[in-house]
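Source file: entry_1.pdb. Holds: PDB, C-alpha atoms.
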```
MODEL        1
ATOM      1  CA  MET Y   1       0.000   0.000   0.000
ATOM      2  CA  TYR Y   2       1.355   3.430  -0.966
ATOM      3  CA  LEU Y   3       0.576   6.153   1.594
ATOM      4  CA  ALA Y   4       0.343   9.349  -0.425
ATOM      5  CA  ASN Y   5      -0.068  11.793   2.464
ATOM      6  CA  VAL Y   6       2.618  10.651   4.932
ATOM      7  CA  ASP Y   7       5.325  13.308   5.317
ATOM      8  CA  PHE Y   8       8.399  11.123   5.753
ATOM      9  CA  ASP Y   9      10.728  14.130   5.892
ATOM     10  CA  ALA Y  10       8.701  15.457   8.834
ATOM     11  CA  LEU Y  11       9.090  12.122  10.623
ATOM     12  CA  ILE Y  12      12.860  12.371  10.200
ATOM     13  CA  ARG Y  13      12.992  16.064  11.213
ATOM     14  CA  GLU Y  14      11.031  15.323  14.375
ATOM     15  CA  ASP Y  15      13.920  13.190  15.656
ATOM     16  CA  VAL Y  16      16.785  14.860  13.768
ATOM     17  CA  PRO Y  17      16.076  18.604  13.589
ATOM     18  CA  TYR Y  18      19.604  19.400  12.368
ATOM     19  CA  PHE Y  19      22.109  16.524  12.648
ATOM     20  CA  ASP Y  20      23.122  13.659  14.936
ATOM     21  CA  LEU Y  21      25.345  15.319  17.534
ATOM     22  CA  THR Y  22      26.433  12.044  19.156
ATOM     23  CA  SER Y  23      27.655  10.486  15.884
ATOM     24  CA  TYR Y  24      29.382  13.754  15.016
ATOM     25  CA  VAL Y  25      31.369  14.100  18.230
ATOM     26  CA  LEU Y  26      32.303  10.404  18.104
ATOM     27  CA  GLY Y  27      33.639  10.904  14.588
ATOM     28  CA  ILE Y  28      31.704   7.954  13.145
ATOM     29  CA  ASP Y  29      29.448   9.833  10.717
ATOM     30  CA  GLU Y  30      30.971   8.330   7.594
ATOM     31  CA  GLN Y  31      31.877   4.890   8.901
ATOM     32  CA  PRO Y  32      30.201   2.184   6.787
ATOM     33  CA  GLY Y  33      27.664   0.296   8.843
ATOM     34  CA  GLU Y  34      24.702  -2.079   8.784
ATOM     35  CA  ILE Y  35      21.336  -1.769  10.483
ATOM     36  CA  SER Y  36      18.697  -4.416  11.075
ATOM     37  CA  PHE Y  37      15.319  -4.307  12.792
ATOM     38  CA  PHE Y  38      14.002  -7.508  14.400
ATOM     39  CA  THR Y  39      11.072  -8.522  16.578
ATOM     40  CA  ARG Y  40      11.395  -9.936  20.073
ATOM     41  CA  GLU Y  41       7.871 -11.390  19.944
ATOM     42  CA  ASP Y  42       5.527 -13.098  17.513
ATOM     43  CA  CYS Y  43       3.641 -10.470  15.528
ATOM     44  CA  VAL Y  44       2.103  -9.357  12.262
ATOM     45  CA  VAL Y  45       4.586  -7.044  10.583
ATOM     46  CA  CYS Y  46       3.567  -3.557   9.530
ATOM     47  CA  GLY Y  47       5.634  -0.501   8.643
ATOM     48  CA  SER Y  48       8.500  -2.179   6.807
ATOM     49  CA  GLU Y  49       7.810  -0.279   3.565
ATOM     50  CA  GLU Y  50       7.797   2.988   5.520
ATOM     51  CA  VAL Y  51      11.199   2.135   6.998
ATOM     52  CA  ILE Y  52      12.521   1.513   3.466
ATOM     53  CA  GLU Y  53      11.227   4.972   2.502
ATOM     54  CA  ILE Y  54      13.085   6.453   5.475
ATOM     55  CA  PHE Y  55      16.196   4.608   4.243
ATOM     56  CA  ARG Y  56      15.771   6.052   0.762
ATOM     57  CA  ARG Y  57      15.557   9.615   2.022
ATOM     58  CA  LEU Y  58      18.670   9.167   4.153
ATOM     59  CA  GLY Y  59      20.768   7.488   1.444
ATOM     60  CA  ILE Y  60      20.707   4.033   3.076
ATOM     61  CA  GLU Y  61      20.698   1.009   0.781
ATOM     62  CA  PRO Y  62      18.054  -1.595   1.772
ATOM     63  CA  ASP Y  63      19.173  -5.217   1.962
ATOM     64  CA  SER Y  64      16.038  -7.102   3.017
ATOM     65  CA  THR Y  65      12.445  -6.481   4.056
ATOM     66  CA  VAL Y  66       9.434  -8.494   5.199
ATOM     67  CA  PRO Y  67       6.205  -7.146   3.657
ATOM     68  CA  SER Y  68       3.510  -5.648   5.874
ATOM     69  CA  GLY Y  69       0.806  -8.160   6.764
ATOM     70  CA  THR Y  70       3.239 -11.061   7.178
ATOM     71  CA  PRO Y  71       3.010 -13.092  10.423
ATOM     72  CA  VAL Y  72       6.500 -13.692  11.868
ATOM     73  CA  ALA Y  73       7.994 -15.442  14.887
ATOM     74  CA  ALA Y  74      10.034 -13.836  17.647
ATOM     75  CA  GLY Y  75      13.628 -13.287  16.533
ATOM     76  CA  SER Y  76      12.749 -12.650  12.877
ATOM     77  CA  GLU Y  77      14.556  -9.890  11.002
ATOM     78  CA  LEU Y  78      12.077  -7.432   9.492
ATOM     79  CA  VAL Y  79      14.161  -4.811   7.663
ATOM     80  CA  SER Y  80      17.877  -4.337   7.060
ATOM     81  CA  GLY Y  81      20.159  -1.952   5.179
ATOM     82  CA  HIS Y  82      23.643  -0.496   4.957
ATOM     83  CA  GLY Y  83      25.176   2.953   4.652
ATOM     84  CA  ALA Y  84      27.024   5.695   6.519
ATOM     85  CA  ALA Y  85      26.776   5.185  10.277
ATOM     86  CA  GLY Y  86      25.537   8.742  10.888
ATOM     87  CA  ARG Y  87      22.604   8.132   8.544
ATOM     88  CA  LEU Y  88      21.896   4.731  10.107
ATOM     89  CA  HIS Y  89      21.587   6.382  13.513
ATOM     90  CA  MET Y  90      19.164   8.912  12.045
ATOM     91  CA  ALA Y  91      16.982   6.065  10.765
ATOM     92  CA  TRP Y  92      17.187   4.034  13.955
ATOM     93  CA  LYS Y  93      14.495   5.487  16.197
ATOM     94  CA  VAL Y  94      12.185   6.689  13.426
ATOM     95  CA  GLY Y  95      12.118   3.213  11.893
ATOM     96  CA  GLN Y  96      11.794   1.490  15.251
ATOM     97  CA  ASN Y  97       8.817   3.657  16.250
ATOM     98  CA  LEU Y  98       7.037   2.944  12.961
ATOM     99  CA  LEU Y  99       7.519  -0.814  13.271
ATOM    100  CA  ASP Y 100       6.696  -0.838  17.019
ATOM    101  CA  HIS Y 101       3.327   0.844  16.743
ATOM    102  CA  MET Y 102       2.135  -0.227  13.296
ATOM    103  CA  SER Y 103       2.993  -3.876  13.990
ATOM    104  CA  GLY Y 104       1.240  -3.597  17.362
ATOM    105  CA  ILE Y 105      -1.993  -2.474  15.706
ATOM    106  CA  ALA Y 106      -1.677  -5.070  12.926
ATOM    107  CA  THR Y 107      -1.084  -7.870  15.445
ATOM    108  CA  LYS Y 108      -4.038  -6.928  17.655
ATOM    109  CA  THR Y 109      -6.206  -6.585  14.556
ATOM    110  CA  ARG Y 110      -5.304 -10.051  13.321
ATOM    111  CA  ARG Y 111      -6.259 -11.570  16.691
ATOM    112  CA  MET Y 112      -9.629  -9.822  16.655
ATOM    113  CA  VAL Y 113     -10.308 -10.764  13.029
ATOM    114  CA  ASP Y 114      -9.410 -14.387  13.762
ATOM    115  CA  ALA Y 115     -11.714 -14.436  16.815
ATOM    116  CA  ALA Y 116     -14.629 -13.072  14.761
ATOM    117  CA  HIS Y 117     -13.970 -15.363  11.798
ATOM    118  CA  ALA Y 118     -13.932 -18.437  14.022
ATOM    119  CA  VAL Y 119     -17.670 -17.739  14.437
ATOM    120  CA  ALA Y 120     -18.573 -15.920  11.190
ATOM    121  CA  PRO Y 121     -15.877 -16.495   8.527
ATOM    122  CA  ASP Y 122     -17.021 -13.711   6.180
ATOM    123  CA  LEU Y 123     -17.763 -11.016   8.760
ATOM    124  CA  PRO Y 124     -15.735  -7.817   8.222
ATOM    125  CA  ILE Y 125     -14.091  -5.958  11.085
ATOM    126  CA  LEU Y 126     -14.452  -2.243  10.349
ATOM    127  CA  THR Y 127     -12.345   0.425  12.044
ATOM    128  CA  THR Y 128     -13.409   3.972  12.903
ATOM    129  CA  ARG Y 129     -11.520   7.226  12.404
ATOM    130  CA  LYS Y 130     -10.968   7.682  16.165
ATOM    131  CA  MET Y 131      -7.217   7.086  16.093
ATOM    132  CA  TYR Y 132      -4.592   9.376  17.635
ATOM    133  CA  PRO Y 133      -4.615  12.678  15.670
ATOM    134  CA  GLY Y 134      -2.033  12.873  12.909
ATOM    135  CA  THR Y 135      -1.622   9.096  12.558
ATOM    136  CA  ARG Y 136      -4.585   8.279  10.302
ATOM    137  CA  ALA Y 137      -2.736   6.974   7.232
ATOM    138  CA  LEU Y 138      -0.309   4.848   9.253
ATOM    139  CA  SER Y 139      -3.063   3.515  11.535
ATOM    140  CA  ILE Y 140      -5.322   2.607   8.611
ATOM    141  CA  LYS Y 141      -2.494   0.750   6.886
ATOM    142  CA  ALA Y 142      -1.841  -1.158  10.119
ATOM    143  CA  VAL Y 143      -5.438  -2.340  10.582
ATOM    144  CA  MET Y 144      -5.589  -3.382   6.933
ATOM    145  CA  ALA Y 145      -2.340  -5.332   7.350
ATOM    146  CA  GLY Y 146      -4.080  -7.163  10.187
ATOM    147  CA  GLY Y 147      -7.124  -8.038   8.078
ATOM    148  CA  ALA Y 148      -9.620  -5.280   8.941
ATOM    149  CA  VAL Y 149     -10.944  -2.558   6.634
ATOM    150  CA  PRO Y 150     -11.744   1.117   7.265
ATOM    151  CA  HIS Y 151     -15.324   1.876   8.270
ATOM    152  CA  ARG Y 152     -15.113   5.552   7.379
ATOM    153  CA  LEU Y 153     -11.936   7.462   6.491
ATOM    154  CA  GLY Y 154     -13.518  10.908   6.746
ATOM    155  CA  LEU Y 155     -16.684  12.966   6.614
ATOM    156  CA  SER Y 156     -16.522  13.322   2.830
ATOM    157  CA  GLU Y 157     -16.739   9.584   2.246
ATOM    158  CA  THR Y 158     -20.073   8.214   3.441
ATOM    159  CA  VAL Y 159     -23.544   9.242   4.585
ATOM    160  CA  LEU Y 160     -23.820   8.212   8.240
ATOM    161  CA  ILE Y 161     -26.414  10.054  10.318
ATOM    162  CA  PHE Y 162     -26.030  10.327  14.098
ATOM    163  CA  GLN Y 163     -28.266  11.639  16.866
ATOM    164  CA  GLN Y 164     -26.240  14.853  16.735
ATOM    165  CA  HIS Y 165     -27.430  15.408  13.158
ATOM    166  CA  CYS Y 166     -31.038  14.778  14.217
ATOM    167  CA  ASN Y 167     -30.722  17.348  16.987
ATOM    168  CA  ILE Y 168     -29.751  20.030  14.481
ATOM    169  CA  LEU Y 169     -32.192  18.817  11.828
ATOM    170  CA  GLY Y 170     -35.194  19.162  14.121
ATOM    171  CA  GLY Y 171     -35.702  15.663  15.523
ATOM    172  CA  PHE Y 172     -36.230  12.057  14.510
ATOM    173  CA  GLU Y 173     -39.571  12.603  12.744
ATOM    174  CA  GLU Y 174     -37.997  15.237  10.525
ATOM    175  CA  LEU Y 175     -35.232  12.809   9.616
ATOM    176  CA  LEU Y 176     -37.794  10.179   8.633
ATOM    177  CA  ARG Y 177     -39.544  12.721   6.429
ATOM    178  CA  ARG Y 178     -36.288  13.683   4.726
ATOM    179  CA  ILE Y 179     -34.941  10.178   3.993
ATOM    180  CA  PRO Y 180     -36.498   9.806   0.495
ATOM    181  CA  GLU Y 181     -35.058  13.212  -0.466
ATOM    182  CA  LEU Y 182     -31.632  12.316   0.936
ATOM    183  CA  LYS Y 183     -31.580   9.059  -1.011
ATOM    184  CA  ARG Y 184     -32.327  10.902  -4.244
ATOM    185  CA  LEU Y 185     -29.587  13.429  -3.506
ATOM    186  CA  CYS Y 186     -26.940  10.795  -2.731
ATOM    187  CA  CYS Y 187     -28.181   8.167  -5.150
ATOM    188  CA  GLU Y 188     -24.807   6.415  -5.557
ATOM    189  CA  LYS Y 189     -24.212   5.992  -1.815
ATOM    190  CA  LYS Y 190     -25.885   3.996   0.930
ATOM    191  CA  LEU Y 191     -27.676   5.956   3.625
ATOM    192  CA  LEU Y 192     -26.893   4.646   7.121
ATOM    193  CA  VAL Y 193     -28.176   5.851  10.482
ATOM    194  CA  GLU Y 194     -26.891   5.113  13.982
ATOM    195  CA  THR Y 195     -29.455   4.440  16.699
ATOM    196  CA  GLU Y 196     -29.720   3.009  20.193
ATOM    197  CA  ARG Y 197     -33.372   1.928  19.784
ATOM    198  CA  GLN Y 198     -34.747  -1.033  17.855
ATOM    199  CA  GLU Y 199     -38.065   0.705  17.186
ATOM    200  CA  GLU Y 200     -36.221   3.625  15.584
ATOM    201  CA  ALA Y 201     -34.286   1.181  13.387
ATOM    202  CA  ILE Y 202     -37.550  -0.314  12.089
ATOM    203  CA  ALA Y 203     -38.999   3.123  11.335
ATOM    204  CA  LEU Y 204     -35.802   4.152   9.543
ATOM    205  CA  CYS Y 205     -35.809   1.051   7.349
ATOM    206  CA  GLU Y 206     -39.493   1.570   6.550
ATOM    207  CA  ALA Y 207     -38.614   5.105   5.449
ATOM    208  CA  GLY Y 208     -35.908   3.762   3.119
ATOM    209  CA  ALA Y 209     -32.625   3.762   5.083
ATOM    210  CA  ASP Y 210     -30.120   1.323   3.615
ATOM    211  CA  GLY Y 211     -28.564   0.359   6.909
ATOM    212  CA  ILE Y 212     -28.544   0.709  10.667
ATOM    213  CA  GLN Y 213     -25.583   1.051  13.003
ATOM    214  CA  PHE Y 214     -26.631  -0.156  16.460
ATOM    215  CA  ASP Y 215     -24.654   1.591  19.184
ATOM    216  CA  LYS Y 216     -23.887  -0.165  22.475
ATOM    217  CA  PHE Y 217     -26.357  -3.023  22.079
ATOM    218  CA  SER Y 218     -25.594  -6.158  24.087
ATOM    219  CA  PRO Y 219     -25.089  -9.324  21.990
ATOM    220  CA  PRO Y 220     -28.594 -10.671  22.857
ATOM    221  CA  GLN Y 221     -30.212  -7.303  22.025
ATOM    222  CA  LEU Y 222     -28.255  -7.138  18.785
ATOM    223  CA  CYS Y 223     -29.193 -10.674  17.799
ATOM    224  CA  ALA Y 224     -32.919  -9.937  18.235
ATOM    225  CA  ALA Y 225     -32.692  -6.619  16.383
ATOM    226  CA  ALA Y 226     -30.666  -8.041  13.493
ATOM    227  CA  ASP Y 227     -33.026 -10.988  13.138
ATOM    228  CA  GLU Y 228     -36.080  -8.715  12.871
ATOM    229  CA  LEU Y 229     -34.475  -6.235  10.475
ATOM    230  CA  THR Y 230     -33.010  -8.798   8.093
ATOM    231  CA  ARG Y 231     -36.309 -10.704   8.062
ATOM    232  CA  ARG Y 232     -38.434  -7.630   7.356
ATOM    233  CA  PHE Y 233     -35.978  -5.739   5.137
ATOM    234  CA  PRO Y 234     -33.879  -8.143   3.033
ATOM    235  CA  GLY Y 235     -30.562  -6.617   2.031
ATOM    236  CA  VAL Y 236     -30.430  -4.137   4.911
ATOM    237  CA  VAL Y 237     -26.946  -3.448   6.326
ATOM    238  CA  VAL Y 238     -26.756  -4.088  10.079
ATOM    239  CA  LEU Y 239     -23.655  -2.891  11.921
ATOM    240  CA  ALA Y 240     -22.683  -3.200  15.575
ATOM    241  CA  ALA Y 241     -20.622  -0.489  17.288
ATOM    242  CA  GLY Y 242     -19.651   0.565  20.779
ATOM    243  CA  GLY Y 243     -17.580  -1.352  23.316
ATOM    244  CA  ILE Y 244     -16.608  -4.234  21.027
ATOM    245  CA  ASN Y 245     -13.162  -5.662  21.667
ATOM    246  CA  GLU Y 246     -11.070  -8.800  21.348
ATOM    247  CA  GLY Y 247     -12.698 -10.311  24.421
ATOM    248  CA  ASN Y 248     -16.323 -10.056  23.280
ATOM    249  CA  VAL Y 249     -16.088  -9.913  19.483
ATOM    250  CA  ALA Y 250     -17.053 -13.596  19.084
ATOM    251  CA  GLN Y 251     -20.383 -12.947  20.842
ATOM    252  CA  TYR Y 252     -21.151 -10.060  18.500
ATOM    253  CA  ALA Y 253     -20.006 -12.049  15.472
ATOM    254  CA  ALA Y 254     -22.685 -14.644  16.260
ATOM    255  CA  ALA Y 255     -25.505 -12.077  16.017
ATOM    256  CA  GLY Y 256     -26.099 -12.394  12.277
ATOM    257  CA  ILE Y 257     -24.950  -8.864  11.397
ATOM    258  CA  SER Y 258     -23.219  -7.351   8.347
ATOM    259  CA  GLY Y 259     -20.141  -6.000  10.108
ATOM    260  CA  ILE Y 260     -18.514  -4.986  13.391
ATOM    261  CA  VAL Y 261     -17.321  -1.407  13.909
ATOM    262  CA  THR Y 262     -14.546  -0.860  16.449
ATOM    263  CA  THR Y 263     -12.059   1.715  17.695
ATOM    264  CA  ASN Y 264     -10.408  -0.721  20.092
ATOM    265  CA  LEU Y 265      -7.608  -1.752  17.721
ATOM    266  CA  TYR Y 266      -5.908   1.640  17.819
ATOM    267  CA  SER Y 267      -5.073   1.170  21.514
ATOM    268  CA  ALA Y 268      -2.817  -1.807  20.767
ATOM    269  CA  PRO Y 269       0.415  -2.092  22.752
ATOM    270  CA  ALA Y 270       3.585  -1.650  20.723
ATOM    271  CA  VAL Y 271       5.434  -4.740  19.560
ATOM    272  CA  ASP Y 272       8.931  -5.052  21.066
ATOM    273  CA  ILE Y 273      11.175  -4.250  18.091
ATOM    274  CA  GLY Y 274      14.943  -4.467  18.495
ATOM    275  CA  VAL Y 275      17.640  -2.785  16.396
ATOM    276  CA  ARG Y 276      21.210  -3.891  15.630
ATOM    277  CA  LEU Y 277      23.819  -1.409  14.357
ATOM    278  CA  GLU Y 278      27.259  -2.730  13.438
ATOM    279  CA  LEU Y 279      30.262  -1.998  11.262
ATOM    280  CA  CYS Y 280      29.990  -3.512   7.778
ATOM    281  CA  ARG Y 281      31.408  -6.995   7.806
TER     282      ARG Y 281
ENDMDL
END
```

I need this file expressed as C-alpha cells, please.
Amino acid sequence: MYLANVDFDALIREDVPYFDLTSYVLGIDEQPGEISFFTREDCVVCGSEEVIEIFRRLGIEPDSTVPSGTPVAAGSELVSGHGAAGRLHMAWKVGQNLLDHMSGIATKTRRMVDAAHAVAPDLPILTTRKMYPGTRALSIKAVMAGGAVPHRLGLSETVLIFQQHCNILGGFEELLRRIPELKRLCCEKKLLVETERQEEAIALCEAGADGIQFDKFSPPQLCAAADELTRRFPGVVVLAAGGINEGNVAQYAAAGISGIVTTNLYSAPAVDIGVRLELCR
C-alpha cells in the first residue's frame, strides 16, 4: 500500500532537527555500517515499507524487508540496510517507532479478526476514524495489514447520520420525512443511520434507510434486532458499534450482522522491536 499523504521528511525532522550530535562528536558519521530491525515477539509485521522509505531519504541502501501483513515469529529480522553510520543512527528510532506501533496495531487486529472469523468467517471488522490525531494513514495501513478494513476514512466519504445530526435537523420525525429526499440526492451511496433503539431502526428502514448502526447493544439485544431487520428488510446493512473488543467480538459475530465497527484496535500495545547497528562486515 502506498501512503500518499505521509510526510516522511517530517518524521525524520522530528527526531533529527539538524544533525546527529552524538555520531558527530564520536567521529563515526561516515563509517560504513549495517542496520537491522528484528522482533522480540511473535507479531504481524507492519511498517517495513515505511522504513525503506526512510532509508531512501537518508541514502541508506536496503538489503532485506518483510512485507507488511506477514506473520513472523520472535527473533525474525524485518528490515535491514547499509550505509554511513551517521545516517543509520538517524533512521534508527524513526524506523523502530514505525515498526513498534504499526505492527502492534496489525497484530491486535489479526487476533480480533481471527476471533470473529472463528464464528462468522465472512464477517468484516471495520475500524473507525478515532485514532490518535495525525496518525490516520499509518493507523489505517496497520489495521488493513491485520485483516480489517476502514469503516469511514472521513466525513466526505459516506452518509452516516447520528443523533447529533437529528438534533440540528429538528428531531427524529424530521429525519424520517427527509430520507427519500436524501436518497435521491446521494443516489450512488448507501444511507446509514446510527441508533440506540430497535423501534427507531424499524422506522428508519421503513422510510428507506439502507442500513442501521446499532450503538452499544448487548449481543442478545443485537441478535434480536438483526433478526427482525433482516427478516423484514432483506438486504439491509446491520452494523454493531460501541464497546466491542477482542474479548467479546465472538459474541457479536454470532448475532447475524453485516459488520462490526470498532475503535479498540488503535489502543494496541507496541510490539517489542529491536535494532542492531554494526560496522559492515

For this session: Quick one: pull the distance between CA of Met102 (chain Y) and CA of Asn245 (chain Y), Å, one decimal.
Result: 18.3 Å

Output check: residues returned by the PyMOL selection byres ((chain Y and resi 69) around 10), as an mmCIF file with C-alpha atoms, keeping the file's coordinate frame:
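Resulting contents of selection_3.cif:
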```
data_model
loop_
_atom_site.group_PDB
_atom_site.id
_atom_site.type_symbol
_atom_site.label_atom_id
_atom_site.label_comp_id
_atom_site.auth_asym_id
_atom_site.auth_seq_id
_atom_site.Cartn_x
_atom_site.Cartn_y
_atom_site.Cartn_z
ATOM 1 C CA CYS Y 43 3.641 -10.470 15.528
ATOM 2 C CA VAL Y 44 2.103 -9.357 12.262
ATOM 3 C CA VAL Y 45 4.586 -7.044 10.583
ATOM 4 C CA CYS Y 46 3.567 -3.557 9.530
ATOM 5 C CA GLY Y 47 5.634 -0.501 8.643
ATOM 6 C CA SER Y 48 8.500 -2.179 6.807
ATOM 7 C CA VAL Y 66 9.434 -8.494 5.199
ATOM 8 C CA PRO Y 67 6.205 -7.146 3.657
ATOM 9 C CA SER Y 68 3.510 -5.648 5.874
ATOM 10 C CA THR Y 70 3.239 -11.061 7.178
ATOM 11 C CA PRO Y 71 3.010 -13.092 10.423
ATOM 12 C CA VAL Y 72 6.500 -13.692 11.868
ATOM 13 C CA SER Y 103 2.993 -3.876 13.990
ATOM 14 C CA ALA Y 106 -1.677 -5.070 12.926
ATOM 15 C CA THR Y 107 -1.084 -7.870 15.445
ATOM 16 C CA ARG Y 110 -5.304 -10.051 13.321
ATOM 17 C CA LYS Y 141 -2.494 0.750 6.886
ATOM 18 C CA ALA Y 142 -1.841 -1.158 10.119
ATOM 19 C CA VAL Y 143 -5.438 -2.340 10.582
ATOM 20 C CA MET Y 144 -5.589 -3.382 6.933
ATOM 21 C CA ALA Y 145 -2.340 -5.332 7.350
ATOM 22 C CA GLY Y 146 -4.080 -7.163 10.187
ATOM 23 C CA GLY Y 147 -7.124 -8.038 8.078
#
```

Problem set entry | Pick from Y:Glu188, Y:Thr127, Y:Ala85, Y:Leu169 nearest to Arg152 (chain Y), counting all atoms listed in the file |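 The answer is Y:Thr127, which sits nearest to Arg152 (chain Y).
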
Problem set entry | Who sits within 9 Å of Gly242 (chain Y), only C-alpha atoms, same chain under 6 positions skipped, as an NGL selection string | :Y and (214-217 or 261-263)

Problem set entry | Selection result of the PyMOL selection byres ((chain Y and resi 267) around 10) on this file, as a list in words | His101, Gly104, Ile105, Lys108, Met131, Tyr132, Thr263, Asn264, Leu265, Tyr266, Ala268, Pro269 and Ala270 of chain Y

For this session: Would you translate the PyMOL selection byres ((chain Y and resi 37) around 9) into the concrete set of residues it matches in this file, as a list of chain:residue names?
Result: Y:Ile35, Y:Ser36, Y:Phe38, Y:Thr39, Y:Ser76, Y:Glu77, Y:Leu78, Y:Val79, Y:Ser80, Y:Trp92, Y:Gly95, Y:Gln96, Y:Leu99, Y:Ile273, Y:Gly274, Y:Val275, Y:Arg276

Exercise. What separation in Å, quoted to one decimal, exists between CA of Pro124 (chain Y) and CA of Ile140 (chain Y)?
Worked result: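 CA of Pro124 (chain Y) sits 14.7 Å away from CA of Ile140 (chain Y).
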
Exercise. Between Y:Val113, Y:Asp272, Y:Gln163, Y:His151, which one has atoms that come closest to Asn248 (chain Y), using only C-alpha atoms?
Worked result: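 Between Y:Val113, Y:Asp272, Y:Gln163, Y:His151, the residue approaching Asn248 (chain Y) most closely is Y:Val113.
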
For this session: Give the answer as one residue: which of Y:Ile257, Y:Val94, Y:Ala4, Y:Leu182 has the shortest atom-to-atom distance to Asp227 (chain Y), using all atoms listed in the file?
Result: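 Looking at the shortest contact to Asp227 (chain Y), the residue is Y:Ile257.
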
Exercise. Do you know which residues lie at most 12 Å from (-29.0, 3.1, 13.3), with coordinates as in the file and all atoms listed in the file counted, and could you write them as number ranges by chain?
Worked result: Y: 159-163, 166, 172, 191-205, 209-217, 222, 225-226, 229, 236-241

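As for CA of Gly243 (chain Y) and CA of Arg136 (chain Y), they are spaced 20.8 Å apart.
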
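All protein, DNA and RNA residues at most 12 Å from (3.1, 8.1, -2.0) are Met1, Tyr2, Leu3, Ala4, Asn5, Val6, Asp7, Phe8, Glu49, Glu50, Glu53 and Ala137 of chain Y, using all atoms listed in the file.
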
Would you save the residues from that selection as a PDB file, in the coordinates of the input, using C-alpha atoms?
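Output contents, as saved in result.pdb:
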```pdb
ATOM      1  CA  MET Y   1       0.000   0.000   0.000  1.00  0.00           C
ATOM      2  CA  TYR Y   2       1.355   3.430  -0.966  1.00  0.00           C
ATOM      3  CA  LEU Y   3       0.576   6.153   1.594  1.00  0.00           C
ATOM      4  CA  ALA Y   4       0.343   9.349  -0.425  1.00  0.00           C
ATOM      5  CA  ASN Y   5      -0.068  11.793   2.464  1.00  0.00           C
ATOM      6  CA  VAL Y   6       2.618  10.651   4.932  1.00  0.00           C
ATOM      7  CA  ASP Y   7       5.325  13.308   5.317  1.00  0.00           C
ATOM      8  CA  PHE Y   8       8.399  11.123   5.753  1.00  0.00           C
ATOM      9  CA  GLU Y  49       7.810  -0.279   3.565  1.00  0.00           C
ATOM     10  CA  GLU Y  50       7.797   2.988   5.520  1.00  0.00           C
ATOM     11  CA  GLU Y  53      11.227   4.972   2.502  1.00  0.00           C
ATOM     12  CA  ALA Y 137      -2.736   6.974   7.232  1.00  0.00           C
TER      13      ALA Y 137
END
```

Around all listed atoms of region 96-101 of chain Y, padded 5 Å per side, what centre and edge lengths does the axis-aligned box have in Å to one decimal, as lines of an AutoDock Vina configuration file?
```
center_x = 7.6
center_y = 1.4
center_z = 15.0
size_x = 18.5
size_y = 14.5
size_z = 14.1
```

What are the nearest atom pairs, with distances in Å to one decimal, for all residues of region 55-132 of chain Y that come at most 9 Å from region 13-19 of chain Y, using only C-alpha atoms, set out by chain and rising residue number as a Markdown table?
```
| residue | atom | partner | partner_atom | distance |
| --- | --- | --- | --- | --- |
| Y:Gly86 | CA | Y:Phe19 | CA | 8.7 |
| Y:Met90 | CA | Y:Val16 | CA | 6.6 |
| Y:Lys93 | CA | Y:Asp15 | CA | 7.7 |
| Y:Val94 | CA | Y:Asp15 | CA | 7.1 |
```

Exercise. Closest to Cys187 (chain Y) among Y:Thr230, Y:Thr158, Y:Ser218, Y:Gln251, using only C-alpha atoms?
Worked result: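 Looking only at the distances to Cys187 (chain Y), the closest residue turns out to be Y:Thr158.
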
For this session: Give the answer as one residue: which of Y:Cys186, Y:Leu279, Y:Ala207, Y:Leu153 has the shortest atom-to-atom distance to Glu174 (chain Y), using only C-alpha atoms?
Result: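 Of Y:Cys186, Y:Leu279, Y:Ala207, Y:Leu153, the one nearest Glu174 (chain Y), counting only C-alpha atoms, is Y:Ala207.
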
For this session: Select, from Y:Gly75, Y:Pro62, Y:Gly208, Y:Gly81, the residue with the minimum atom-to-atom distance to Gly235 (chain Y), counting all atoms listed in the file.
Result: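 Between Y:Gly75, Y:Pro62, Y:Gly208, Y:Gly81, the residue approaching Gly235 (chain Y) most closely is Y:Gly208.
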
For this session: Considering all atoms listed in the file, return as an NGL selection string whatever protein or nucleic-acid residues lie within 10 Å of Gly33 (chain Y), sequence-local ones (same chain, fewer than 5 positions apart) excluded.
Result: :Y and (28 or 60 or 81-89 or 277-281)

Next, dump the selected residues to file, keeping only C-alpha atoms, as an mmCIF file, in the frame of the given file.
```cif
data_model
loop_
_atom_site.group_PDB
_atom_site.id
_atom_site.type_symbol
_atom_site.label_atom_id
_atom_site.label_comp_id
_atom_site.auth_asym_id
_atom_site.auth_seq_id
_atom_site.Cartn_x
_atom_site.Cartn_y
_atom_site.Cartn_z
ATOM 1 C CA ILE Y 28 31.704 7.954 13.145
ATOM 2 C CA ILE Y 60 20.707 4.033 3.076
ATOM 3 C CA GLY Y 81 20.159 -1.952 5.179
ATOM 4 C CA HIS Y 82 23.643 -0.496 4.957
ATOM 5 C CA GLY Y 83 25.176 2.953 4.652
ATOM 6 C CA ALA Y 84 27.024 5.695 6.519
ATOM 7 C CA ALA Y 85 26.776 5.185 10.277
ATOM 8 C CA GLY Y 86 25.537 8.742 10.888
ATOM 9 C CA ARG Y 87 22.604 8.132 8.544
ATOM 10 C CA LEU Y 88 21.896 4.731 10.107
ATOM 11 C CA HIS Y 89 21.587 6.382 13.513
ATOM 12 C CA LEU Y 277 23.819 -1.409 14.357
ATOM 13 C CA GLU Y 278 27.259 -2.730 13.438
ATOM 14 C CA LEU Y 279 30.262 -1.998 11.262
ATOM 15 C CA CYS Y 280 29.990 -3.512 7.778
ATOM 16 C CA ARG Y 281 31.408 -6.995 7.806
#
```
